[in-house]
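Trainee: Just one file: entry_28.pdb, with PDB, C-alpha atoms and all ligand atoms.
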MODEL        1
ATOM      1  CA  MET D 100      76.670   5.751  34.051
ATOM      2  CA  GLN D 101      77.559   8.100  36.917
ATOM      3  CA  THR D 102      74.663  10.425  37.731
ATOM      4  CA  ARG D 103      74.623  13.429  40.035
ATOM      5  CA  ALA D 104      72.193  14.076  42.895
ATOM      6  CA  ILE D 105      69.520  16.765  42.671
ATOM      7  CA  PRO D 106      71.137  19.918  44.139
ATOM      8  CA  SER D 107      69.729  21.188  47.461
ATOM      9  CA  ALA D 108      68.553  24.353  45.691
ATOM     10  CA  GLY D 109      66.422  22.145  43.455
ATOM     11  CA  LEU D 110      66.479  21.122  39.825
ATOM     12  CA  PRO D 111      65.316  23.668  37.225
ATOM     13  CA  PHE D 112      63.147  22.277  34.426
ATOM     14  CA  ARG D 113      61.120  23.587  31.529
ATOM     15  CA  LYS D 114      57.726  22.211  30.472
ATOM     16  CA  MET D 115      57.094  22.307  26.722
ATOM     17  CA  HIS D 116      54.487  20.996  24.288
ATOM     18  CA  GLY D 117      55.001  19.890  20.711
ATOM     19  CA  ALA D 118      51.552  19.539  19.113
ATOM     20  CA  GLY D 119      50.234  18.537  22.536
ATOM     21  CA  ASN D 120      52.956  15.923  23.156
ATOM     22  CA  ASP D 121      54.213  17.135  26.528
ATOM     23  CA  PHE D 122      57.718  17.167  27.898
ATOM     24  CA  VAL D 123      59.775  18.010  30.937
ATOM     25  CA  ILE D 124      63.162  19.244  29.732
ATOM     26  CA  LEU D 125      66.235  19.207  31.956
ATOM     27  CA  ASP D 126      69.537  20.847  31.078
ATOM     28  CA  SER D 127      72.608  18.925  32.277
ATOM     29  CA  ARG D 128      75.159  20.546  30.005
ATOM     30  CA  GLY D 129      78.499  20.879  31.782
ATOM     31  CA  MET D 130      77.379  18.427  34.491
ATOM     32  CA  ALA D 131      76.881  14.705  35.012
ATOM     33  CA  PRO D 132      73.388  13.538  33.988
ATOM     34  CA  VAL D 133      70.762  13.462  36.731
ATOM     35  CA  VAL D 134      68.071  11.147  35.337
ATOM     36  CA  THR D 135      67.773   7.574  36.549
ATOM     37  CA  PRO D 136      64.797   5.294  35.798
ATOM     38  CA  ALA D 137      63.453   5.968  39.331
ATOM     39  CA  LEU D 138      63.757   9.751  38.916
ATOM     40  CA  ALA D 139      62.034   9.582  35.526
ATOM     41  CA  ARG D 140      59.116   7.707  37.139
ATOM     42  CA  ALA D 141      58.958  10.189  40.042
ATOM     43  CA  ILE D 142      58.920  13.287  37.819
ATOM     44  CA  GLY D 143      56.548  11.555  35.413
ATOM     45  CA  ASP D 144      53.946  10.871  38.116
ATOM     46  CA  ARG D 145      51.189  13.436  37.468
ATOM     47  CA  HIS D 146      50.128  13.420  41.146
ATOM     48  CA  ARG D 147      53.401  13.217  43.047
ATOM     49  CA  GLY D 148      55.628  14.731  40.362
ATOM     50  CA  VAL D 149      55.081  16.949  37.317
ATOM     51  CA  GLY D 150      53.837  14.568  34.651
ATOM     52  CA  PHE D 151      55.047  14.269  31.089
ATOM     53  CA  ASP D 152      54.817  12.101  27.988
ATOM     54  CA  GLN D 153      58.624  12.092  27.786
ATOM     55  CA  LEU D 154      61.461  13.515  29.822
ATOM     56  CA  ALA D 155      64.301  14.970  27.740
ATOM     57  CA  GLU D 156      67.731  15.590  29.251
ATOM     58  CA  ILE D 157      70.011  17.945  27.338
ATOM     59  CA  ARG D 158      73.669  16.966  27.571
ATOM     60  CA  ASP D 159      76.920  18.258  26.136
ATOM     61  CA  GLY D 160      77.327  17.671  22.423
ATOM     62  CA  GLU D 161      79.716  15.035  21.100
ATOM     63  CA  ASN D 162      80.940  16.715  17.929
ATOM     64  CA  THR D 163      77.417  18.156  17.847
ATOM     65  CA  ASP D 164      75.869  21.274  19.343
ATOM     66  CA  ILE D 165      74.041  19.235  22.003
ATOM     67  CA  SER D 166      73.032  15.687  22.904
ATOM     68  CA  LEU D 167      69.580  14.513  24.019
ATOM     69  CA  ASP D 168      68.432  11.527  26.103
ATOM     70  CA  PHE D 169      64.719  10.584  26.248
ATOM     71  CA  TRP D 170      62.774   8.750  28.964
ATOM     72  CA  ASN D 171      59.195   7.493  29.199
ATOM     73  CA  SER D 172      57.048   7.992  32.301
ATOM     74  CA  ASP D 173      57.415   4.297  33.233
ATOM     75  CA  GLY D 174      61.190   4.830  33.581
ATOM     76  CA  SER D 175      62.101   3.171  30.259
ATOM     77  CA  ARG D 176      64.282   4.861  27.642
ATOM     78  CA  ALA D 177      62.724   6.197  24.419
ATOM     79  CA  GLY D 178      65.226   5.783  21.586
ATOM     80  CA  ALA D 179      63.707   8.686  19.680
ATOM     81  CA  CYS D 180      61.342  11.529  20.429
ATOM     82  CA  GLY D 181      60.577  13.728  17.465
ATOM     83  CA  ASN D 182      58.405  16.307  19.171
ATOM     84  CA  ALA D 183      60.841  16.870  22.065
ATOM     85  CA  THR D 184      63.622  17.137  19.500
ATOM     86  CA  ARG D 185      61.630  19.893  17.745
ATOM     87  CA  CYS D 186      61.028  21.677  21.068
ATOM     88  CA  VAL D 187      64.694  21.611  22.099
ATOM     89  CA  ALA D 188      65.904  22.539  18.597
ATOM     90  CA  SER D 189      63.560  25.513  18.567
ATOM     91  CA  GLU D 190      64.692  26.733  22.016
ATOM     92  CA  TRP D 191      68.372  26.259  21.193
ATOM     93  CA  MET D 192      68.121  28.219  17.938
ATOM     94  CA  ALA D 193      66.153  31.003  19.668
ATOM     95  CA  GLU D 194      68.774  31.220  22.445
ATOM     96  CA  THR D 195      71.828  31.158  20.182
ATOM     97  CA  GLY D 196      70.413  33.064  17.209
ATOM     98  CA  ARG D 197      71.668  30.270  14.916
ATOM     99  CA  ASP D 198      69.503  28.831  12.170
ATOM    100  CA  SER D 199      70.545  25.188  12.446
ATOM    101  CA  VAL D 200      71.463  22.735  15.192
ATOM    102  CA  THR D 201      73.021  19.278  15.369
ATOM    103  CA  ILE D 202      71.773  16.905  18.064
ATOM    104  CA  ARG D 203      73.303  13.582  19.088
ATOM    105  CA  THR D 204      70.751  10.958  20.122
ATOM    106  CA  THR D 205      71.061   7.197  20.548
ATOM    107  CA  ARG D 206      70.114   6.786  16.885
ATOM    108  CA  GLY D 207      72.829   9.124  15.618
ATOM    109  CA  VAL D 208      73.124  12.794  14.754
ATOM    110  CA  LEU D 209      69.873  14.608  13.966
ATOM    111  CA  ARG D 210      69.698  18.049  12.409
ATOM    112  CA  GLY D 211      67.230  20.859  12.978
ATOM    113  CA  GLU D 212      66.933  23.983  10.871
ATOM    114  CA  MET D 213      64.854  27.120  10.480
ATOM    115  CA  ARG D 214      62.903  27.428   7.224
ATOM    116  CA  GLY D 215      61.340  30.866   7.462
ATOM    117  CA  THR D 216      59.566  30.791  10.813
ATOM    118  CA  GLU D 217      59.240  26.989  10.878
ATOM    119  CA  VAL D 218      61.586  24.679  12.763
ATOM    120  CA  TRP D 219      62.184  21.499  10.750
ATOM    121  CA  VAL D 220      63.948  18.467  12.197
ATOM    122  CA  ASN D 221      65.429  15.580  10.244
ATOM    123  CA  MET D 222      64.556  12.475  12.263
ATOM    124  CA  GLY D 223      66.838  10.353  10.068
ATOM    125  CA  PRO D 224      66.059   7.608   7.568
ATOM    126  CA  PRO D 225      63.533   4.949   8.521
ATOM    127  CA  VAL D 226      64.828   1.549   9.621
ATOM    128  CA  LEU D 227      63.297  -1.024   7.291
ATOM    129  CA  ASP D 228      65.033  -4.303   8.163
ATOM    130  CA  TRP D 229      63.281  -6.616  10.617
ATOM    131  CA  ALA D 230      66.223  -7.177  12.970
ATOM    132  CA  SER D 231      66.831  -3.472  13.497
ATOM    133  CA  VAL D 232      63.200  -2.345  14.039
ATOM    134  CA  PRO D 233      63.514  -4.653  16.049
ATOM    135  CA  LEU D 234      61.145  -7.540  15.277
ATOM    136  CA  ALA D 235      61.454 -11.068  16.665
ATOM    137  CA  ARG D 236      61.707 -12.766  13.264
ATOM    138  CA  ASP D 237      61.994 -12.232   9.516
ATOM    139  CA  VAL D 238      58.532 -11.212   8.269
ATOM    140  CA  ASP D 239      57.152  -8.883   5.588
ATOM    141  CA  LEU D 240      57.333  -5.451   7.257
ATOM    142  CA  LEU D 241      54.611  -4.097   4.969
ATOM    143  CA  HIS D 242      52.120  -6.754   6.123
ATOM    144  CA  LEU D 243      52.815  -7.970   9.636
ATOM    145  CA  PRO D 244      51.162 -11.171  10.813
ATOM    146  CA  ILE D 245      49.127  -9.249  13.409
ATOM    147  CA  GLU D 246      45.347  -8.754  13.195
ATOM    148  CA  GLY D 247      44.635  -5.506  11.338
ATOM    149  CA  ASP D 248      47.563  -5.918   8.882
ATOM    150  CA  PRO D 249      49.938  -3.238  10.264
ATOM    151  CA  VAL D 250      53.223  -1.969   8.786
ATOM    152  CA  ALA D 251      56.447  -2.062  10.850
ATOM    153  CA  VAL D 252      58.798   0.922  10.733
ATOM    154  CA  GLY D 253      61.788   1.817  12.926
ATOM    155  CA  MET D 254      62.635   5.453  13.602
ATOM    156  CA  GLY D 255      65.217   4.757  16.317
ATOM    157  CA  ASN D 256      62.257   3.220  18.147
ATOM    158  CA  PRO D 257      59.742   0.622  16.955
ATOM    159  CA  HIS D 258      56.334   1.415  15.431
ATOM    160  CA  ALA D 259      53.305  -0.580  14.249
ATOM    161  CA  VAL D 260      51.141   1.446  11.848
ATOM    162  CA  PHE D 261      47.509   0.401  11.254
ATOM    163  CA  PHE D 262      45.431   1.832   8.397
ATOM    164  CA  VAL D 263      41.749   2.077   9.277
ATOM    165  CA  ASP D 264      38.596   3.266   7.494
ATOM    166  CA  ASP D 265      37.138   5.177  10.442
ATOM    167  CA  ILE D 266      39.519   6.389  13.111
ATOM    168  CA  GLY D 267      36.604   7.393  15.331
ATOM    169  CA  ALA D 268      35.661   3.732  15.637
ATOM    170  CA  VAL D 269      39.070   2.595  16.956
ATOM    171  CA  ASP D 270      39.493   1.845  20.665
ATOM    172  CA  VAL D 271      43.051   3.225  20.759
ATOM    173  CA  ALA D 272      43.625   2.341  24.420
ATOM    174  CA  ALA D 273      42.518  -1.274  24.135
ATOM    175  CA  ARG D 274      44.138  -2.023  20.770
ATOM    176  CA  GLY D 275      47.255   0.017  21.594
ATOM    177  CA  ALA D 276      47.875  -1.685  24.923
ATOM    178  CA  SER D 277      47.573  -5.143  23.405
ATOM    179  CA  VAL D 278      49.718  -4.477  20.309
ATOM    180  CA  GLU D 279      52.375  -2.668  22.426
ATOM    181  CA  HIS D 280      53.410  -6.033  23.886
ATOM    182  CA  ASP D 281      52.873  -8.259  20.832
ATOM    183  CA  PRO D 282      55.587 -10.966  20.868
ATOM    184  CA  LEU D 283      56.617  -9.925  17.350
ATOM    185  CA  TYR D 284      58.151  -6.817  18.970
ATOM    186  CA  PRO D 285      60.762  -8.014  21.498
ATOM    187  CA  GLN D 286      61.251  -4.461  22.846
ATOM    188  CA  ALA D 287      57.496  -3.655  22.639
ATOM    189  CA  THR D 288      56.244  -1.000  20.224
ATOM    190  CA  ASN D 289      54.549   2.338  19.711
ATOM    191  CA  VAL D 290      51.209   1.901  17.916
ATOM    192  CA  GLU D 291      49.685   4.305  15.379
ATOM    193  CA  PHE D 292      46.188   4.274  13.829
ATOM    194  CA  VAL D 293      45.769   6.167  10.577
ATOM    195  CA  GLU D 294      42.870   7.228   8.396
ATOM    196  CA  VAL D 295      44.050   8.367   4.966
ATOM    197  CA  ARG D 296      42.026  11.385   3.802
ATOM    198  CA  SER D 297      43.845  12.105   0.537
ATOM    199  CA  ARG D 298      47.267  11.614  -1.020
ATOM    200  CA  ASP D 299      48.566  14.562   1.036
ATOM    201  CA  GLU D 300      46.598  14.354   4.255
ATOM    202  CA  VAL D 301      46.064  11.796   7.001
ATOM    203  CA  ARG D 302      44.573  11.660  10.487
ATOM    204  CA  MET D 303      46.588   9.809  13.143
ATOM    205  CA  ARG D 304      46.027   8.677  16.729
ATOM    206  CA  VAL D 305      48.732   7.072  18.828
ATOM    207  CA  TRP D 306      49.415   4.726  21.718
ATOM    208  CA  GLU D 307      52.998   5.222  22.914
ATOM    209  CA  ARG D 308      55.128   2.448  24.337
ATOM    210  CA  GLY D 309      55.821   3.106  28.027
ATOM    211  CA  THR D 310      53.393   6.040  28.121
ATOM    212  CA  GLY D 311      49.929   5.303  26.669
ATOM    213  CA  ILE D 312      47.683   7.598  24.621
ATOM    214  CA  THR D 313      49.302  10.946  23.810
ATOM    215  CA  LEU D 314      48.092  13.880  21.724
ATOM    216  CA  ALA D 315      50.944  13.460  19.235
ATOM    217  CA  CYS D 316      54.095  11.442  18.619
ATOM    218  CA  GLY D 317      56.774  12.815  16.312
ATOM    219  CA  SER D 318      58.653   9.603  15.596
ATOM    220  CA  GLY D 319      55.244   7.941  15.147
ATOM    221  CA  ALA D 320      54.265  10.631  12.655
ATOM    222  CA  CYS D 321      57.473   9.916  10.705
ATOM    223  CA  ALA D 322      56.738   6.177  10.777
ATOM    224  CA  VAL D 323      53.205   6.842   9.488
ATOM    225  CA  ALA D 324      54.491   9.003   6.611
ATOM    226  CA  VAL D 325      56.872   6.198   5.605
ATOM    227  CA  ALA D 326      54.295   3.401   5.979
ATOM    228  CA  ALA D 327      51.589   5.277   4.053
ATOM    229  CA  HIS D 328      53.932   6.079   1.170
ATOM    230  CA  GLN D 329      55.286   2.526   1.048
ATOM    231  CA  ARG D 330      51.726   1.207   0.835
ATOM    232  CA  GLY D 331      51.140   3.570  -2.117
ATOM    233  CA  LEU D 332      48.522   5.608  -0.231
ATOM    234  CA  THR D 333      50.204   9.026  -0.004
ATOM    235  CA  GLU D 334      52.902  11.245  -1.466
ATOM    236  CA  ARG D 335      56.209  11.688   0.368
ATOM    237  CA  HIS D 336      55.176  15.105   1.712
ATOM    238  CA  ILE D 337      51.984  15.103   3.796
ATOM    239  CA  ARG D 338      50.029  16.968   6.433
ATOM    240  CA  MET D 339      48.944  14.990   9.473
ATOM    241  CA  GLU D 340      46.211  15.853  11.931
ATOM    242  CA  VAL D 341      46.927  14.473  15.404
ATOM    243  CA  ASP D 342      44.868  14.987  18.585
ATOM    244  CA  GLY D 343      47.062  17.977  19.546
ATOM    245  CA  GLY D 344      47.227  19.804  16.200
ATOM    246  CA  TRP D 345      48.907  19.464  12.824
ATOM    247  CA  LEU D 346      52.303  18.123  11.799
ATOM    248  CA  GLU D 347      53.930  18.248   8.385
ATOM    249  CA  LEU D 348      56.174  15.414   7.201
ATOM    250  CA  ASP D 349      58.529  15.207   4.264
ATOM    251  CA  TRP D 350      60.342  11.905   3.551
ATOM    252  CA  ARG D 351      63.472  12.895   1.630
ATOM    253  CA  GLU D 352      66.645  11.065   0.554
ATOM    254  CA  ASP D 353      68.445  12.038   3.768
ATOM    255  CA  GLY D 354      65.646  11.208   6.195
ATOM    256  CA  VAL D 355      62.149  12.045   7.378
ATOM    257  CA  TRP D 356      61.782  15.777   8.052
ATOM    258  CA  MET D 357      59.075  17.107  10.315
ATOM    259  CA  THR D 358      57.679  20.439  11.471
ATOM    260  CA  GLY D 359      54.777  21.560  13.656
ATOM    261  CA  PRO D 360      53.867  23.750  16.613
ATOM    262  CA  VAL D 361      55.974  24.036  19.757
ATOM    263  CA  ALA D 362      55.006  25.864  22.949
ATOM    264  CA  ARG D 363      56.854  26.754  26.118
ATOM    265  CA  VAL D 364      54.403  26.134  28.961
ATOM    266  CA  PHE D 365      56.285  27.032  32.147
ATOM    267  CA  ASP D 366      59.631  26.963  33.941
ATOM    268  CA  GLY D 367      59.825  25.389  37.395
ATOM    269  CA  VAL D 368      62.156  23.934  39.994
ATOM    270  CA  LEU D 369      61.878  20.367  41.292
ATOM    271  CA  SER D 370      62.583  19.947  44.986
ATOM    272  CA  PRO D 371      65.274  17.429  45.958
ATOM    273  CA  GLU D 372      62.623  15.394  47.815
ATOM    274  CA  ILE D 373      61.184  14.279  44.483
ATOM    275  CA  GLY D 374      64.007  11.835  44.072
ATOM    276  CA  ALA D 375      63.954  10.671  47.706
TER     277      ALA D 375
HETATM  278  N1  LIG D 401      56.616  11.220  21.738
HETATM  279  C1  LIG D 401      57.803  10.790  21.072
HETATM  280  C2  LIG D 401      58.003   9.341  20.909
HETATM  281  C3  LIG D 401      58.088   8.576  22.169
HETATM  282  C4  LIG D 401      58.334   7.139  21.910
HETATM  283  C5  LIG D 401      58.427   6.365  23.147
HETATM  284  N2  LIG D 401      57.133   6.192  23.756
HETATM  285  C6  LIG D 401      59.146   5.059  22.921
HETATM  286  O1  LIG D 401      59.241   4.270  23.883
HETATM  287  O2  LIG D 401      59.651   4.781  21.834
HETATM  288  C7  LIG D 401      57.975  11.485  19.749
HETATM  289  O3  LIG D 401      57.526  12.611  19.600
HETATM  290  O4  LIG D 401      58.622  10.929  18.871
ENDMDL
END
Have the structure of the file written as structure tokens, please.
Mentor:
Amino acid sequence: MQTRAIPSAGLPFRKMHGAGNDFVILDSRGMAPVVTPALARAIGDRHRGVGFDQLAEIRDGENTDISLDFWNSDGSRAGACGNATRCVASEWMAETGRDSVTIRTTRGVLRGEMRGTEVWVNMGPPVLDWASVPLARDVDLLHLPIEGDPVAVGMGNPHAVFFVDDIGAVDVAARGASVEHDPLYPQATNVEFVEVRSRDEVRMRVWERGTGITLACGSGACAVAVAAHQRGLTERHIRMEVDGGWLELDWREDGVWMTGPVARVFDGVLSPEIGA
């Protein structure tokens, strides 16, 4: 795809948090996209760039209000990013005064809407067939042949959800890094660890594919809500404590809906040298 160069005046960006999941957001509406894998890595470098969990590039809608592309800090694409979707949906509705938004992503059209003061986003239905997660072969998604008996769920990106008795005892970095590249996941996977506290509340910690430990992961939270309900552990509507705060998930007929805190942190301008 044809990308444009960073203008000599620099590239404006916005830094936002969604429950501590942190994003650099670029707005390329009306222009060619600017992000390449190398630029994503440069901006994502916390010493030489800005640092982020994901980079989100807003693009013109295609029969939608807007489109969104997501990148990880290692330069790979993230097929879904629930918390950045909530951040952008919230900003767009505040700017336009509208109470709903449609967003095209690589997994299809997502919808955000205001419910009172809360911004809810429908992250779409879970993907529950092995080839589309994707997994390498036909296995029982509810009991993967990986130590720790995880559940596989696709939310536009792959997830492996582990249920544990004591989340404080899990070495998220060590386990996450090894499961991320398990051969059962040909495109690698995001890895979630979950302690179920009641039928409506869980605690979750996450290792993100291409990024590492983050304070929250929206698509991961959706995958956890689906996995926990499928295992018979929780209701369809739950509260989830993550390292960066609380999310609320509601698995309905039309998809997994999610809400939680969003924060605008700062606006800045990247110098053209960042891409050099
Ligand atoms: N933080 C994101 C998910 C990033 C997933 C990414 N690490 C991938 O490669 O799939 C979220 O809120 O959904």
Trainee: Could you list the residues chosen by the PyMOL selection byres (((chain D and resi 298) around 8) and not hetatm) in this structure as a PDB file with C-alpha atoms, in the coordinates of the input?
Mentor:
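Now in part01.pdb:
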ATOM      1  CA  VAL D 295      44.050   8.367   4.966  1.00  0.00           C
ATOM      2  CA  ARG D 296      42.026  11.385   3.802  1.00  0.00           C
ATOM      3  CA  SER D 297      43.845  12.105   0.537  1.00  0.00           C
ATOM      4  CA  ASP D 299      48.566  14.562   1.036  1.00  0.00           C
ATOM      5  CA  GLU D 300      46.598  14.354   4.255  1.00  0.00           C
ATOM      6  CA  LEU D 332      48.522   5.608  -0.231  1.00  0.00           C
ATOM      7  CA  THR D 333      50.204   9.026  -0.004  1.00  0.00           C
ATOM      8  CA  GLU D 334      52.902  11.245  -1.466  1.00  0.00           C
ATOM      9  CA  ILE D 337      51.984  15.103   3.796  1.00  0.00           C
TER      10      ILE D 337
END
Trainee: Mind checking which residues fall within 10 Å of range 156-162 of chain D, counting all atoms listed in the file, ignoring those fewer than 5 positions away in the same chain, and posting them as a VMD selection string?
Mentor: chain D and resid 112 123 to 134 167 to 170 187 201 to 204 208
Trainee: Could you write out the selected residues, including C-alpha atoms, as a compact mmCIF listing (two decimals), keeping the file's coordinate frame?
Mentor:
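Listing of out-v3.txt after writing:
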# COMPACT_ATOMS: atom_id res chain seq x y z
CA PHE D 112 63.15 22.28 34.43
CA VAL D 123 59.78 18.01 30.94
CA ILE D 124 63.16 19.24 29.73
CA LEU D 125 66.24 19.21 31.96
CA ASP D 126 69.54 20.85 31.08
CA SER D 127 72.61 18.92 32.28
CA ARG D 128 75.16 20.55 30.00
CA GLY D 129 78.50 20.88 31.78
CA MET D 130 77.38 18.43 34.49
CA ALA D 131 76.88 14.70 35.01
CA PRO D 132 73.39 13.54 33.99
CA VAL D 133 70.76 13.46 36.73
CA VAL D 134 68.07 11.15 35.34
CA LEU D 167 69.58 14.51 24.02
CA ASP D 168 68.43 11.53 26.10
CA PHE D 169 64.72 10.58 26.25
CA TRP D 170 62.77 8.75 28.96
CA VAL D 187 64.69 21.61 22.10
CA THR D 201 73.02 19.28 15.37
CA ILE D 202 71.77 16.90 18.06
CA ARG D 203 73.30 13.58 19.09
CA THR D 204 70.75 10.96 20.12
CA VAL D 208 73.12 12.79 14.75
Trainee: Can you measure CA of Ser166 in chain D to CA of Glu217 in chain D for me? One decimal in Å is fine.
Mentor: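 Between these atoms lies a distance of 21.5 Å.
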Trainee: Rank nothing, just name the residue among D:Gly196, D:Pro257, D:Gly247, D:Gly215 nearest to Gly319 in chain D, using only C-alpha atoms.
Mentor: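 Among the listed residues, D:Pro257 lies closest to Gly319 in chain D.
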Trainee: Hey, which residues sit close to ligand LIG 401 (chain D)? Say within 10 Å, counting all atoms listed in the file, and write them as a JSON list (two decimals) with C-alpha atoms, keeping the file's coordinate frame.
Mentor:
[["chain", "number", "residue", "atom", "x", "y", "z"],
["D", 117, "GLY", "CA", 55.00, 19.89, 20.71],
["D", 118, "ALA", "CA", 51.55, 19.54, 19.11],
["D", 119, "GLY", "CA", 50.23, 18.54, 22.54],
["D", 120, "ASN", "CA", 52.96, 15.92, 23.16],
["D", 121, "ASP", "CA", 54.21, 17.14, 26.53],
["D", 122, "PHE", "CA", 57.72, 17.17, 27.90],
["D", 151, "PHE", "CA", 55.05, 14.27, 31.09],
["D", 152, "ASP", "CA", 54.82, 12.10, 27.99],
["D", 153, "GLN", "CA", 58.62, 12.09, 27.79],
["D", 154, "LEU", "CA", 61.46, 13.52, 29.82],
["D", 169, "PHE", "CA", 64.72, 10.58, 26.25],
["D", 170, "TRP", "CA", 62.77, 8.75, 28.96],
["D", 171, "ASN", "CA", 59.20, 7.49, 29.20],
["D", 172, "SER", "CA", 57.05, 7.99, 32.30],
["D", 173, "ASP", "CA", 57.42, 4.30, 33.23],
["D", 174, "GLY", "CA", 61.19, 4.83, 33.58],
["D", 175, "SER", "CA", 62.10, 3.17, 30.26],
["D", 176, "ARG", "CA", 64.28, 4.86, 27.64],
["D", 177, "ALA", "CA", 62.72, 6.20, 24.42],
["D", 178, "GLY", "CA", 65.23, 5.78, 21.59],
["D", 179, "ALA", "CA", 63.71, 8.69, 19.68],
["D", 180, "CYS", "CA", 61.34, 11.53, 20.43],
["D", 181, "GLY", "CA", 60.58, 13.73, 17.46],
["D", 182, "ASN", "CA", 58.40, 16.31, 19.17],
["D", 183, "ALA", "CA", 60.84, 16.87, 22.06],
["D", 184, "THR", "CA", 63.62, 17.14, 19.50],
["D", 185, "ARG", "CA", 61.63, 19.89, 17.74],
["D", 186, "CYS", "CA", 61.03, 21.68, 21.07],
["D", 222, "MET", "CA", 64.56, 12.48, 12.26],
["D", 253, "GLY", "CA", 61.79, 1.82, 12.93],
["D", 254, "MET", "CA", 62.64, 5.45, 13.60],
["D", 255, "GLY", "CA", 65.22, 4.76, 16.32],
["D", 256, "ASN", "CA", 62.26, 3.22, 18.15],
["D", 257, "PRO", "CA", 59.74, 0.62, 16.95],
["D", 258, "HIS", "CA", 56.33, 1.42, 15.43],
["D", 279, "GLU", "CA", 52.38, -2.67, 22.43],
["D", 286, "GLN", "CA", 61.25, -4.46, 22.85],
["D", 287, "ALA", "CA", 57.50, -3.66, 22.64],
["D", 288, "THR", "CA", 56.24, -1.00, 20.22],
["D", 289, "ASN", "CA", 54.55, 2.34, 19.71],
["D", 290, "VAL", "CA", 51.21, 1.90, 17.92],
["D", 305, "VAL", "CA", 48.73, 7.07, 18.83],
["D", 306, "TRP", "CA", 49.42, 4.73, 21.72],
["D", 307, "GLU", "CA", 53.00, 5.22, 22.91],
["D", 308, "ARG", "CA", 55.13, 2.45, 24.34],
["D", 309, "GLY", "CA", 55.82, 3.11, 28.03],
["D", 310, "THR", "CA", 53.39, 6.04, 28.12],
["D", 311, "GLY", "CA", 49.93, 5.30, 26.67],
["D", 312, "ILE", "CA", 47.68, 7.60, 24.62],
["D", 313, "THR", "CA", 49.30, 10.95, 23.81],
["D", 314, "LEU", "CA", 48.09, 13.88, 21.72],
["D", 315, "ALA", "CA", 50.94, 13.46, 19.24],
["D", 316, "CYS", "CA", 54.10, 11.44, 18.62],
["D", 317, "GLY", "CA", 56.77, 12.82, 16.31],
["D", 318, "SER", "CA", 58.65, 9.60, 15.60],
["D", 319, "GLY", "CA", 55.24, 7.94, 15.15],
["D", 320, "ALA", "CA", 54.26, 10.63, 12.66],
["D", 321, "CYS", "CA", 57.47, 9.92, 10.70],
["D", 322, "ALA", "CA", 56.74, 6.18, 10.78]]
Trainee: Using the chain letters and numbers from this file, what does the PyMOL selection byres (((chain D and resi 188-190) around 8) and not hetatm) select? Give the answer as a ChimeraX atom specification.
Mentor: /D:184-187,191-194,200,211-212,218,220,361
Trainee: Tell me, in Å to one decimal, how far CA of Asp342 in chain D is from CA of Ala272 in chain D.
Mentor: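 Distance reported for this atom pair: 14.0 Å.
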Trainee: Would you please work out which residue, of D:Ile245, D:Gln329, D:Leu138, D:Lys114, is nearest to Arg363 in chain D when using only C-alpha atoms?
Mentor: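 For Arg363 in chain D, the nearest of the candidates is D:Lys114.
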Trainee: Please determine, counting all atoms listed in the file, which residue among D:Ala155, D:Gly267, D:Leu243, D:Ala259 has the shortest atom-to-atom distance to Ala139 in chain D.
Mentor: D:Ala155
Trainee: Would you please work out which residue, of D:Glu291, D:Gly150, D:Tyr284, D:Trp229, is nearest to Asp270 in chain D when using all atoms listed in the file?
Mentor: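 Of D:Glu291, D:Gly150, D:Tyr284, D:Trp229, the one nearest Asp270 in chain D is D:Glu291, counting all atoms listed in the file.
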Trainee: What are the centre and the three edge lengths of an axis-aligned box that wraps all atoms of range 242-251 of chain D in the file, given that 4 Å is added to every side, written as lines of an AutoDock Vina configuration file and rounded to one decimal in Å?
Mentor:
center_x = 50.5
center_y = -6.6
center_z = 9.8
size_x = 19.8
size_y = 17.2
size_z = 15.3
Trainee: Just the number, please: distance in Å from CA of His336 in chain D to CA of Arg304 in chain D, one decimal.
Mentor: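 Computing the Euclidean distance for CA of His336 in chain D and CA of Arg304 in chain D yields 18.7 Å.
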Trainee: Taking the file as shown, find all residues satisfying the PyMOL selection byres (((chain D and resi 339) around 8) and not hetatm) and write them as a ChimeraX atom specification.
Mentor: /D:300-303,320,337-338,340-341,345-348
Trainee: Of the candidates D:Thr205, D:Met100, D:Arg330, D:Ala268, which shows the shortest atom-to-atom distance to Asp248 in chain D, using all atoms listed in the file?
Mentor: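 Of the candidates, the smallest distance to Asp248 in chain D is held by D:Arg330.
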Trainee: Could you tell me which of D:Met115, D:Met213, D:Val269, D:Val325 comes closest to Leu240 in chain D if we count only C-alpha atoms?
Mentor: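 Result for the nearest residue to Leu240 in chain D: D:Val325.
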